[in-house]
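Q: Structure file final34.cif (mmCIF, C-alpha atoms and all ligand atoms) is given on the next line.
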```
data_run
#
loop_
_atom_site.label_atom_id
_atom_site.label_comp_id
_atom_site.auth_asym_id
_atom_site.auth_seq_id
_atom_site.Cartn_x
_atom_site.Cartn_y
_atom_site.Cartn_z
CA MET W 1 67.41 111.49 104.46
CA ASP W 2 64.36 109.99 102.74
CA ASN W 3 62.88 107.38 105.07
CA GLN W 4 61.10 105.70 102.15
CA VAL W 5 64.38 104.41 100.73
CA MET W 6 66.09 103.74 104.04
CA PRO W 7 66.63 99.99 104.47
CA ARG W 8 65.33 98.77 107.83
CA GLU W 9 68.04 98.19 110.41
CA GLN W 10 67.89 95.18 112.73
CA LEU W 11 66.56 96.79 115.87
CA GLY W 12 68.91 95.07 118.32
CA VAL W 13 71.97 96.78 116.82
CA CYS W 14 71.21 100.14 118.41
CA ALA W 15 68.72 99.14 121.15
CA GLU W 16 69.17 100.39 124.72
CA GLY W 17 70.39 98.00 127.42
CA ASN W 18 68.36 95.11 128.85
CA LEU W 19 68.32 92.87 131.91
CA HIS W 20 69.13 89.62 130.07
CA SER W 21 70.73 88.38 126.88
CA ILE W 22 71.42 85.16 125.02
CA TYR W 23 74.28 84.80 122.55
CA LEU W 24 74.16 81.92 120.06
CA MET W 25 77.15 81.15 117.84
CA PHE W 26 76.51 78.81 114.91
CA ASN W 27 78.58 77.18 112.20
CA ALA W 28 76.84 76.28 108.95
CA ASN W 29 76.77 72.80 107.50
CA GLU W 30 78.44 72.20 104.16
CA GLY W 31 76.58 73.43 101.07
CA VAL W 32 73.36 74.65 102.74
CA GLU W 33 73.49 78.26 101.51
CA THR W 34 70.47 78.07 99.20
CA ASP W 35 68.28 77.00 102.14
CA LEU W 36 70.08 79.11 104.69
CA ARG W 37 69.52 82.46 102.92
CA PRO W 38 65.69 82.38 103.27
CA CYS W 39 66.00 80.89 106.76
CA ILE W 40 68.23 83.75 107.90
CA ALA W 41 65.78 86.29 106.48
CA ASN W 42 62.95 84.54 108.38
CA VAL W 43 64.85 84.47 111.66
CA ALA W 44 65.71 88.17 111.36
CA GLN W 45 62.08 89.01 110.50
CA TYR W 46 60.86 86.89 113.44
CA ILE W 47 63.17 88.79 115.82
CA TYR W 48 61.94 92.06 114.31
CA GLU W 49 58.29 91.17 114.86
CA LEU W 50 58.84 89.99 118.42
CA THR W 51 60.19 93.45 119.19
CA ASP W 52 56.59 94.67 118.87
CA GLN W 53 54.98 91.65 120.46
CA TYR W 54 57.19 91.82 123.55
CA ALA W 55 57.63 95.58 123.61
CA ASP W 56 56.63 95.59 127.31
CA SER W 57 59.78 93.60 128.07
CA ALA W 58 61.94 95.56 125.60
CA PHE W 59 62.75 92.49 123.49
CA ASN W 60 65.26 93.10 120.68
CA GLY W 61 67.97 91.31 118.76
CA PHE W 62 69.99 90.92 115.61
CA LEU W 63 71.57 88.28 113.45
CA ALA W 64 75.05 88.71 112.01
CA VAL W 65 77.07 86.79 109.42
CA GLY W 66 80.71 85.84 110.09
CA ALA W 67 83.48 87.56 108.11
CA ASN W 68 84.87 84.22 106.95
CA TYR W 69 81.45 82.90 105.93
CA TRP W 70 80.12 85.98 104.17
CA ASP W 71 81.39 85.09 100.68
CA SER W 72 79.87 81.60 100.82
CA LEU W 73 76.48 82.97 101.83
CA TYR W 74 76.36 86.15 99.75
CA PRO W 75 78.99 85.75 97.01
CA ALA W 76 77.77 88.67 94.90
CA ALA W 77 78.98 91.52 97.12
CA ARG W 78 80.83 92.11 100.37
CA PRO W 79 80.65 95.02 102.85
CA ALA W 80 83.67 97.21 102.07
CA GLN W 81 85.39 96.82 105.46
CA LEU W 82 84.39 93.28 106.44
CA LYS W 83 87.61 91.54 107.54
CA PRO W 84 88.45 88.60 109.81
CA PHE W 85 88.95 89.46 113.47
CA PRO W 86 92.22 91.41 113.92
CA ALA W 87 93.95 88.91 116.22
CA MET W 88 96.88 90.43 118.15
CA ASN W 89 99.29 89.61 120.89
CA ALA W 90 101.99 91.33 122.93
CA ASP W 91 103.74 89.65 125.87
CA ASN W 92 100.91 87.85 127.65
CA ARG W 93 98.20 90.19 126.35
CA ASN W 94 96.38 88.02 123.91
CA ALA W 95 93.46 88.88 121.63
CA PRO W 96 92.91 85.66 119.70
CA ALA W 97 90.56 85.15 116.76
CA LEU W 98 87.83 82.54 116.96
CA GLU W 99 85.39 82.96 114.11
CA TYR W 100 81.85 81.67 113.75
CA ASP W 101 79.56 81.60 110.70
CA LEU W 102 76.51 83.13 112.38
CA PHE W 103 75.81 85.10 115.54
CA VAL W 104 72.32 85.50 116.98
CA HIS W 105 72.11 88.15 119.70
CA ILE W 106 68.80 88.44 121.55
CA ARG W 107 68.02 90.56 124.61
CA CYS W 108 64.99 91.14 126.79
CA ASP W 109 63.96 92.14 130.30
CA ARG W 110 62.31 88.72 130.74
CA PHE W 111 64.54 85.69 130.68
CA ASP W 112 61.70 83.23 130.04
CA ILE W 113 60.91 84.96 126.73
CA LEU W 114 64.55 84.83 125.68
CA HIS W 115 64.76 81.14 126.49
CA LEU W 116 61.63 80.45 124.44
CA VAL W 117 62.85 82.49 121.48
CA ALA W 118 66.34 80.95 121.55
CA ASN W 119 64.77 77.47 121.33
CA GLU W 120 62.47 78.61 118.53
CA ILE W 121 65.39 80.07 116.51
CA SER W 122 67.41 76.93 117.03
CA GLN W 123 64.43 74.93 115.63
CA MET W 124 64.14 77.23 112.63
CA PHE W 125 67.79 76.56 111.81
CA GLU W 126 67.53 72.79 112.26
CA GLY W 127 69.56 70.74 109.78
CA LEU W 128 71.36 73.82 108.45
CA VAL W 129 73.70 74.88 111.25
CA ASP W 130 75.33 73.59 114.44
CA LEU W 131 75.17 75.53 117.67
CA VAL W 132 78.83 75.76 118.71
CA ASP W 133 78.72 78.25 121.58
CA GLU W 134 76.06 79.73 123.80
CA GLU W 135 76.28 82.29 126.62
CA ARG W 136 73.73 84.03 128.77
CA GLY W 137 74.34 87.60 129.81
CA PHE W 138 72.78 89.55 132.64
CA ARG W 139 72.66 93.06 134.04
CA PHE W 140 74.88 93.21 137.12
CA MET W 141 73.84 95.74 139.76
CA ASP W 142 73.39 99.22 138.25
CA ASN W 143 74.90 98.41 134.83
CA ARG W 144 78.23 97.33 136.23
CA ASP W 145 80.83 95.02 134.80
CA LEU W 146 81.83 92.21 137.18
CA THR W 147 84.89 94.27 138.11
CA GLY W 148 82.34 96.49 139.92
CA PHE W 149 82.71 99.47 137.56
CA VAL W 150 79.77 100.97 135.67
CA ASP W 151 80.11 99.99 132.01
CA GLY W 152 78.56 101.86 129.08
CA THR W 153 78.55 105.40 130.51
CA GLU W 154 80.28 107.03 127.55
CA ASN W 155 78.28 105.11 124.95
CA PRO W 156 76.60 107.23 122.27
CA LYS W 157 73.09 108.26 123.28
CA GLY W 158 69.79 108.80 121.47
CA ARG W 159 70.04 109.14 117.71
CA SER W 160 73.81 109.26 117.74
CA ARG W 161 73.68 105.50 118.45
CA GLN W 162 72.46 105.08 114.84
CA ALA W 163 75.00 107.59 113.54
CA VAL W 164 77.85 105.62 115.16
CA ALA W 165 76.66 102.06 114.52
CA LEU W 166 74.91 102.06 111.13
CA ILE W 167 76.41 102.35 107.66
CA GLY W 168 75.09 105.31 105.66
CA ASP W 169 75.63 106.32 102.05
CA GLU W 170 79.36 105.51 102.15
CA ASP W 171 78.59 101.87 101.24
CA ALA W 172 75.10 102.10 99.73
CA PRO W 173 74.37 98.37 99.14
CA PHE W 174 75.02 97.76 102.85
CA LYS W 175 73.24 100.81 104.22
CA SER W 176 71.75 100.32 107.73
CA GLY W 177 74.09 97.38 108.36
CA SER W 178 76.72 97.26 111.08
CA TYR W 179 80.19 95.79 111.67
CA ILE W 180 80.10 93.63 114.81
CA HIS W 181 83.11 92.54 116.88
CA VAL W 182 82.69 90.13 119.77
CA GLN W 183 85.22 89.12 122.43
CA LYS W 184 84.41 86.83 125.31
CA PHE W 185 86.58 88.06 128.20
CA ALA W 186 87.08 85.81 131.24
CA HIS W 187 87.97 87.89 134.31
CA ASN W 188 90.42 86.86 137.01
CA LEU W 189 88.22 88.26 139.76
CA SER W 190 90.18 86.90 142.70
CA LYS W 191 93.26 88.75 141.42
CA TRP W 192 91.20 91.89 140.68
CA ASN W 193 89.46 91.87 144.05
CA ARG W 194 92.79 91.75 145.87
CA LEU W 195 93.68 95.15 144.40
CA PRO W 196 93.01 98.19 146.62
CA GLN W 197 90.12 100.26 145.25
CA LYS W 198 92.33 103.22 144.28
CA LYS W 199 94.50 100.93 142.13
CA GLN W 200 91.38 99.56 140.42
CA GLU W 201 90.18 103.11 139.76
CA ASP W 202 93.57 104.04 138.26
CA ILE W 203 93.24 101.09 135.91
CA ILE W 204 89.80 102.08 134.68
CA GLY W 205 90.29 105.88 134.84
CA ARG W 206 87.02 106.46 136.73
CA THR W 207 85.95 106.22 140.37
CA LYS W 208 84.26 102.99 141.36
CA GLN W 209 81.31 103.90 143.53
CA ASP W 210 80.22 107.16 141.91
CA ASN W 211 81.55 106.48 138.40
CA ILE W 212 83.23 109.87 138.03
CA GLU W 213 85.71 110.28 135.21
CA TYR W 214 89.25 111.22 136.30
CA GLU W 215 90.44 114.70 135.32
CA SER W 216 92.42 114.41 132.11
CA ALA W 217 95.75 115.17 133.81
CA ASP W 218 95.09 112.46 136.44
CA LYS W 219 94.33 109.65 133.98
CA PRO W 220 97.21 107.19 133.87
CA LEU W 221 98.40 106.43 130.33
CA THR W 222 97.80 102.77 131.17
CA SER W 223 94.16 103.31 132.20
CA HIS W 224 91.45 101.67 130.10
CA ILE W 225 89.65 104.85 129.15
CA LYS W 226 92.89 106.60 128.22
CA ARG W 227 93.79 103.73 125.91
CA VAL W 228 90.42 103.52 124.14
CA ASN W 229 89.55 107.21 123.91
CA LEU W 230 91.09 107.85 120.49
CA LYS W 231 90.92 110.58 117.88
CA ASP W 232 91.31 110.22 114.11
CA ASN W 233 93.67 112.27 111.92
CA ASP W 234 91.14 115.10 111.79
CA GLY W 235 90.95 115.25 115.58
CA LYS W 236 87.47 113.67 115.61
CA SER W 237 86.58 111.17 118.37
CA MET W 238 86.60 107.57 117.13
CA GLU W 239 83.43 106.01 118.49
CA ILE W 240 81.84 102.58 118.74
CA LEU W 241 78.52 101.50 120.23
CA ARG W 242 79.19 98.95 122.97
CA GLN W 243 76.47 96.37 123.70
CA SER W 244 78.53 94.39 126.22
CA MET W 245 77.05 92.50 129.20
CA PRO W 246 78.44 90.36 132.01
CA TYR W 247 78.03 86.61 131.44
CA GLY W 248 78.89 83.34 133.04
CA SER W 249 78.82 81.29 136.20
CA VAL W 250 80.99 80.96 139.28
CA LYS W 251 83.39 78.76 137.31
CA GLU W 252 83.96 81.18 134.42
CA GLN W 253 82.68 84.70 134.22
CA GLY W 254 83.46 88.01 132.61
CA LEU W 255 82.29 90.35 129.90
CA MET W 256 80.81 89.53 126.50
CA PHE W 257 82.28 92.57 124.82
CA ILE W 258 80.32 93.60 121.73
CA SER W 259 81.20 96.52 119.47
CA ASN W 260 78.77 97.73 116.80
CA CYS W 261 80.06 100.31 114.38
CA ARG W 262 79.63 101.74 110.87
CA ASN W 263 83.29 100.98 110.22
CA SER W 264 85.60 98.19 111.32
CA ASN W 265 88.59 100.43 111.92
CA ASN W 266 87.58 102.12 115.19
CA PHE W 267 87.34 98.84 117.09
CA GLU W 268 90.65 97.60 115.65
CA LYS W 269 92.50 100.79 116.58
CA MET W 270 91.14 100.69 120.15
CA LEU W 271 92.11 97.05 120.60
CA GLU W 272 95.59 97.82 119.23
CA SER W 273 95.92 100.65 121.71
CA MET W 274 94.92 98.34 124.57
CA VAL W 275 97.18 95.42 123.60
CA HIS W 276 100.20 97.16 122.01
CA GLY W 277 99.86 100.47 123.80
CA ASP W 278 100.92 103.93 122.74
CA GLY W 279 104.40 103.08 121.47
CA ASN W 280 105.92 104.22 124.75
CA GLY W 281 105.23 101.07 126.72
CA ASN W 282 101.81 102.12 127.99
CA HIS W 283 99.35 99.31 127.36
CA ASP W 284 95.96 98.80 129.03
CA HIS W 285 96.48 97.42 132.54
CA LEU W 286 92.93 96.06 132.60
CA LEU W 287 94.35 93.26 130.45
CA HIS W 288 96.35 92.00 133.45
CA PHE W 289 93.05 90.97 135.02
CA THR W 290 91.03 89.60 132.13
CA GLN W 291 91.71 87.36 129.20
CA ALA W 292 90.02 87.31 125.80
CA LEU W 293 88.96 83.74 125.03
CA THR W 294 87.43 84.51 121.64
CA GLY W 295 87.48 87.20 118.97
CA SER W 296 84.95 87.16 116.15
CA SER W 297 84.08 89.50 113.33
CA PHE W 298 80.59 89.71 111.80
CA PHE W 299 78.35 91.90 109.72
CA ALA W 300 74.72 92.52 110.67
CA PRO W 301 72.97 93.41 107.38
CA SER W 302 69.74 95.36 107.15
CA LEU W 303 66.51 93.33 107.14
CA ASP W 304 65.90 94.41 103.58
CA PHE W 305 69.28 93.12 102.44
CA MET W 306 68.54 89.66 103.86
CA GLN W 307 65.05 89.62 102.37
CA THR W 308 66.24 90.65 98.92
CA LYS W 309 68.79 87.83 98.95
CA ALA W 310 66.37 85.23 100.36
CA GLY W 311 64.83 83.96 97.15
C1 LIG M 1 84.83 102.39 128.62
C2 LIG M 1 85.10 98.14 130.91
C3 LIG M 1 86.91 96.09 126.90
C4 LIG M 1 86.19 100.22 124.52
C5 LIG M 1 84.80 101.44 129.60
C6 LIG M 1 84.45 101.68 130.99
C7 LIG M 1 84.51 100.49 131.62
C8 LIG M 1 84.91 99.49 130.66
C9 LIG M 1 84.22 100.20 133.09
C10 LIG M 1 84.11 103.04 131.61
C11 LIG M 1 82.68 103.42 131.53
C12 LIG M 1 82.13 103.63 130.15
O1 LIG M 1 82.28 104.69 129.55
O2 LIG M 1 81.55 102.67 129.65
C13 LIG M 1 85.62 97.23 130.02
C14 LIG M 1 85.91 95.86 130.34
C15 LIG M 1 86.42 95.28 129.20
C16 LIG M 1 86.45 96.29 128.18
C17 LIG M 1 85.69 95.21 131.70
C18 LIG M 1 86.91 93.88 128.96
C19 LIG M 1 87.14 93.02 129.87
C20 LIG M 1 86.91 97.04 125.92
C21 LIG M 1 87.36 96.82 124.57
C22 LIG M 1 87.17 97.99 123.89
C23 LIG M 1 86.58 98.94 124.83
C24 LIG M 1 87.92 95.49 124.04
C25 LIG M 1 87.47 98.34 122.47
C26 LIG M 1 88.33 97.67 121.72
C27 LIG M 1 85.72 101.15 125.43
C28 LIG M 1 85.37 102.52 125.07
C29 LIG M 1 85.00 103.16 126.26
C30 LIG M 1 85.12 102.16 127.31
C31 LIG M 1 85.40 103.14 123.68
C32 LIG M 1 84.57 104.62 126.44
C33 LIG M 1 85.80 105.45 126.70
C34 LIG M 1 85.51 106.91 126.91
O3 LIG M 1 85.17 107.57 125.92
O4 LIG M 1 85.59 107.38 128.04
N1 LIG M 1 85.09 100.10 129.43
N2 LIG M 1 85.95 97.45 128.71
N3 LIG M 1 86.45 98.33 126.05
N4 LIG M 1 85.55 100.97 126.77
FE1 LIG M 1 85.81 99.24 127.74
#
```
Could you write out this file's structure as structure tokens?
Ligand code: HEM
A:
Amino acid sequence: MDNQVMPREQLGVCAEGNLHSIYLMFNANEGVETDLRPCIANVAQYIYELTDQYADSAFNGFLAVGANYWDSLYPAARPAQLKPFPAMNADNRNAPALEYDLFVHIRCDRFDILHLVANEISQMFEGLVDLVDEERGFRFMDNRDLTGFVDGTENPKGRSRQAVALIGDEDAPFKSGSYIHVQKFAHNLSKWNRLPQKKQEDIIGRTKQDNIEYESADKPLTSHIKRVNLKDNDGKSMEILRQSMPYGSVKEQGLMFISNCRNSNNFEKMLESMVHGDGNGNHDHLLHFTQALTGSSFFAPSLDFMQTKAG
């Protein structure tokens, strides 16, 4: 592909993991779009430039526009698969939708830098948007979720992160953009920690300490990795790039689950398989120990898209 005509992706979409993160969810004030478009382009450019300035601390980030807000902000054209969050429910397994207009996702190996940048971004947006939710994520042990299991092992690596997460020629006006799904999961850790380790491992489908994948024949149909490891009609693996991190405090804690993908279908099919199961009563038993509090759908456009629409 010709790099000259490749729109620049927002670098946080495919970046490797960090020690810290801040998630800012904003709703826009009424009728501010004309001022908000250049402001969004500036914030995204600012994040892009800080990636160089704070390269030593691996700073990165992205800004994404909510599915329900997209048409107000950019009425001329919409990414082909941008849809509201696919809320679903079965018995007490609930994946609710809670949409926001804008999502700013920043990560770094220094928390002080993140704090500074989050304040700066909030200033840049002043008068245009309200900050309606904020979470701070952190690396837990050796990349573990708070359940104690290593999270992210089967994520795409190297350049296949771009191939999985970024739109290519299939939707040319939105090339280098990414569909983003976010769910804030609150874990019931006291319930989880009462489970014997073998039962926990059966629920994930991997061993806890050494993070070894179960043999295919040993994976329960109700295990998390069985439920999310899906193939399309051509037998090809359906992949997403997960950028999740643990968040929270003693009072409420869990996983900020973040899926970045070049389509919106893969995430939806995986969530369906977790919540509704395989049609034979096998749903994801991880959902007995964690509850999704939010569910939001966004699109992270390329930097060039935002800059073209700024003026
Ligand atoms: C794998 C945890 C939610 C998709 C995993 C693994 C863990 C984990 C420990 C195994 C290691 C790895 O490959 O990363 C969790 C927790 C969740 C959660 C604690 C929420 C509380 C989700 C959701 C989806 C998802 C909502 C998608 C809708 C995946 C995928 C894999 C995976 C695609 C890789 C499976 C494979 O190819 O082996 N998750 N997950 N996860 N998870 Fe989740």
Q: Return as JSON lines the residues of chain W lying at most 7 Å from ligand LIG 1 (chain M), together with the closest atom-to-atom pair for each and the distance in Å to one decimal, counting all atoms listed in the file, with rows in chain order and ascending residue number.
A:
```
{"residue": "W:Asp145", "atom": "CA", "partner": "M:LIG1", "partner_atom": "C17", "distance": 5.8}
{"residue": "W:Thr147", "atom": "CA", "partner": "M:LIG1", "partner_atom": "C17", "distance": 6.5}
{"residue": "W:Phe149", "atom": "CA", "partner": "M:LIG1", "partner_atom": "C9", "distance": 4.8}
{"residue": "W:Val150", "atom": "CA", "partner": "M:LIG1", "partner_atom": "C9", "distance": 5.2}
{"residue": "W:Asp151", "atom": "CA", "partner": "M:LIG1", "partner_atom": "O2", "distance": 3.9}
{"residue": "W:Gly152", "atom": "CA", "partner": "M:LIG1", "partner_atom": "O2", "distance": 3.1}
{"residue": "W:Thr153", "atom": "CA", "partner": "M:LIG1", "partner_atom": "O1", "distance": 3.9}
{"residue": "W:Glu154", "atom": "CA", "partner": "M:LIG1", "partner_atom": "O1", "distance": 3.7}
{"residue": "W:Asn155", "atom": "CA", "partner": "M:LIG1", "partner_atom": "O1", "distance": 6.1}
{"residue": "W:Phe185", "atom": "CA", "partner": "M:LIG1", "partner_atom": "C19", "distance": 5.3}
{"residue": "W:His187", "atom": "CA", "partner": "M:LIG1", "partner_atom": "C19", "distance": 6.8}
{"residue": "W:Ile204", "atom": "CA", "partner": "M:LIG1", "partner_atom": "C9", "distance": 6.1}
{"residue": "W:Arg206", "atom": "CA", "partner": "M:LIG1", "partner_atom": "C10", "distance": 6.8}
{"residue": "W:His224", "atom": "CA", "partner": "M:LIG1", "partner_atom": "FE1", "distance": 6.6}
{"residue": "W:Ile225", "atom": "CA", "partner": "M:LIG1", "partner_atom": "C33", "distance": 4.6}
{"residue": "W:Val228", "atom": "CA", "partner": "M:LIG1", "partner_atom": "C31", "distance": 5.1}
{"residue": "W:Asn229", "atom": "CA", "partner": "M:LIG1", "partner_atom": "O3", "distance": 4.8}
{"residue": "W:Glu239", "atom": "CA", "partner": "M:LIG1", "partner_atom": "C31", "distance": 6.2}
{"residue": "W:Ile240", "atom": "CA", "partner": "M:LIG1", "partner_atom": "C31", "distance": 6.1}
{"residue": "W:Gly254", "atom": "CA", "partner": "M:LIG1", "partner_atom": "C19", "distance": 6.8}
{"residue": "W:Leu255", "atom": "CA", "partner": "M:LIG1", "partner_atom": "C19", "distance": 5.5}
{"residue": "W:Phe257", "atom": "CA", "partner": "M:LIG1", "partner_atom": "C3", "distance": 6.2}
{"residue": "W:Phe267", "atom": "CA", "partner": "M:LIG1", "partner_atom": "C26", "distance": 4.9}
{"residue": "W:Glu268", "atom": "CA", "partner": "M:LIG1", "partner_atom": "C26", "distance": 6.5}
{"residue": "W:Met270", "atom": "CA", "partner": "M:LIG1", "partner_atom": "C26", "distance": 4.4}
{"residue": "W:Leu271", "atom": "CA", "partner": "M:LIG1", "partner_atom": "C26", "distance": 4.0}
{"residue": "W:Thr290", "atom": "CA", "partner": "M:LIG1", "partner_atom": "C19", "distance": 5.7}
```
Q: Given the choices W:Asp91, W:Glu134, W:Glu201, W:Glu16, which gets closest to Asp109 (chain W) if the distance is worked out from all atoms listed in the file?
A: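 Checking each candidate against Asp109 (chain W), we get W:Glu16 as the closest.
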Q: Region 137-241 of chain W near region 64-73 of chain W within 12 Å: what's each residue's closest atom pair and its distance in Å to one decimal, counting all atoms listed in the file, ordered by chain then ascending residue number, as a Markdown table?
A:
```
| residue | atom | partner | partner_atom | distance |
| --- | --- | --- | --- | --- |
| W:Gly177 | CA | W:Ala64 | CA | 9.5 |
| W:Ser178 | CA | W:Ala64 | CA | 8.8 |
| W:Tyr179 | CA | W:Ala64 | CA | 8.8 |
| W:Ile180 | CA | W:Ala64 | CA | 7.6 |
| W:His181 | CA | W:Gly66 | CA | 9.8 |
| W:Val182 | CA | W:Gly66 | CA | 10.8 |
```
Q: Restricting the calculation to only C-alpha atoms: of W:Leu11, W:Met88, W:Ser21, W:Asn188, which residue gets closest to Gln291 (chain W)?
A: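 Residue with the minimum atom-to-atom distance to Gln291 (chain W): W:Asn188.
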Q: Please provide as a ChimeraX atom specification all residues within 12 Å of Leu146 (chain W), with the sequence filter that same-chain residues fewer than 3 positions apart are discarded (counting all atoms listed in the file).
A: /W:137-143,149-151,185-190,192-193,208,244-250,252-256,289-290
Q: Could you give me, as a VMD selection string, the residues within 10 Å of region 160-171 of chain W, counting all atoms listed in the file and dropping anything in the same chain fewer than 4 positions from it?
A: chain W and resid 1 6 9 to 10 13 to 16 79 to 81 155 to 156 175 to 180 238 to 242 259 to 263 300 to 302
Q: Under the rule that all atoms listed in the file are counted, which of W:Leu286, W:Leu63, W:Leu98, W:Ala55 is the nearest residue to Leu24 (chain W)?
A: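 Closest candidate: W:Leu63.
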Q: Which residue gives the smallest distance to Val32 (chain W) among W:Asp284, W:Asp52, W:Glu126, W:Asp112, with all atoms listed in the file counted?
A: W:Glu126
Q: Give me, as a compact mmCIF listing (two decimals) with C-alpha atoms, in the coordinates of the input, all polymer residues having an atom no more than 7 Å from region 92-95 of chain W, counting all atoms listed in the file and skipping those fewer than 3 positions away in the same chain.
A:
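Done, and the output landed in out_38.txt:
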```
# COMPACT_ATOMS: atom_id res chain seq x y z
CA ALA W 87 93.95 88.91 116.22
CA MET W 88 96.88 90.43 118.15
CA ASN W 89 99.29 89.61 120.89
CA VAL W 275 97.18 95.42 123.60
CA LEU W 287 94.35 93.26 130.45
CA ALA W 292 90.02 87.31 125.80
CA GLY W 295 87.48 87.20 118.97
```
Q: Could you work out how far CA of Pro220 (chain W) lies from CA of His276 (chain W), giving the answer in Å with one decimal?
A: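 These atoms are spaced 15.8 Å apart.
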Q: From the list W:Leu293, W:Leu230, W:Val129, W:Leu82, which residue is nearest Lys269 (chain W) when using all atoms listed in the file?
A: W:Leu230
Q: Have a look at CA of Asp56 (chain W) and CA of His105 (chain W) and let me know their distance in Å, one decimal.
A: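 The value is 18.8 Å.
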Q: Using all atoms listed in the file, can you tell me which of W:Ala76, W:Gln183, W:Leu303, W:Gly148 comes closest to Gln197 (chain W)?
A: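 Looking only at the distances to Gln197 (chain W), the closest residue turns out to be W:Gly148.
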Q: Please provide the set of residues having any atom within 9 Å of Asp202 (chain W), restricted to all atoms listed in the file, with same-chain residues fewer than 6 positions apart removed, written as a list in words.
A: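 In the requested format, the answer is Tyr214, Asp218, Lys219, Pro220, Thr222, Ser223 and His224 of chain W.
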Q: One decimal, in Å: what's the spacing between CA of Ile40 (chain W) and CA of Ser122 (chain W)?
A: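 Interatomic distance, CA of Ile40 (chain W) to CA of Ser122 (chain W): 11.4 Å.
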Q: For the interface of region 112-133 of chain W with region 99-102 of chain W (cut-off 10 Å, counting all atoms listed in the file), please tabulate each contacting residue of region 112-133 of chain W alongside its nearest pair of atoms and their separation in Å to one decimal, rows sorted by chain and increasing number, as JSON lines.
A:
```
{"residue": "W:Val129", "atom": "CA", "partner": "W:Leu102", "partner_atom": "CA", "distance": 8.8}
{"residue": "W:Asp130", "atom": "CA", "partner": "W:Asp101", "partner_atom": "CA", "distance": 9.8}
{"residue": "W:Leu131", "atom": "CA", "partner": "W:Leu102", "partner_atom": "CA", "distance": 9.4}
{"residue": "W:Val132", "atom": "CA", "partner": "W:Tyr100", "partner_atom": "CA", "distance": 8.3}
{"residue": "W:Asp133", "atom": "CA", "partner": "W:Tyr100", "partner_atom": "CA", "distance": 9.1}
```
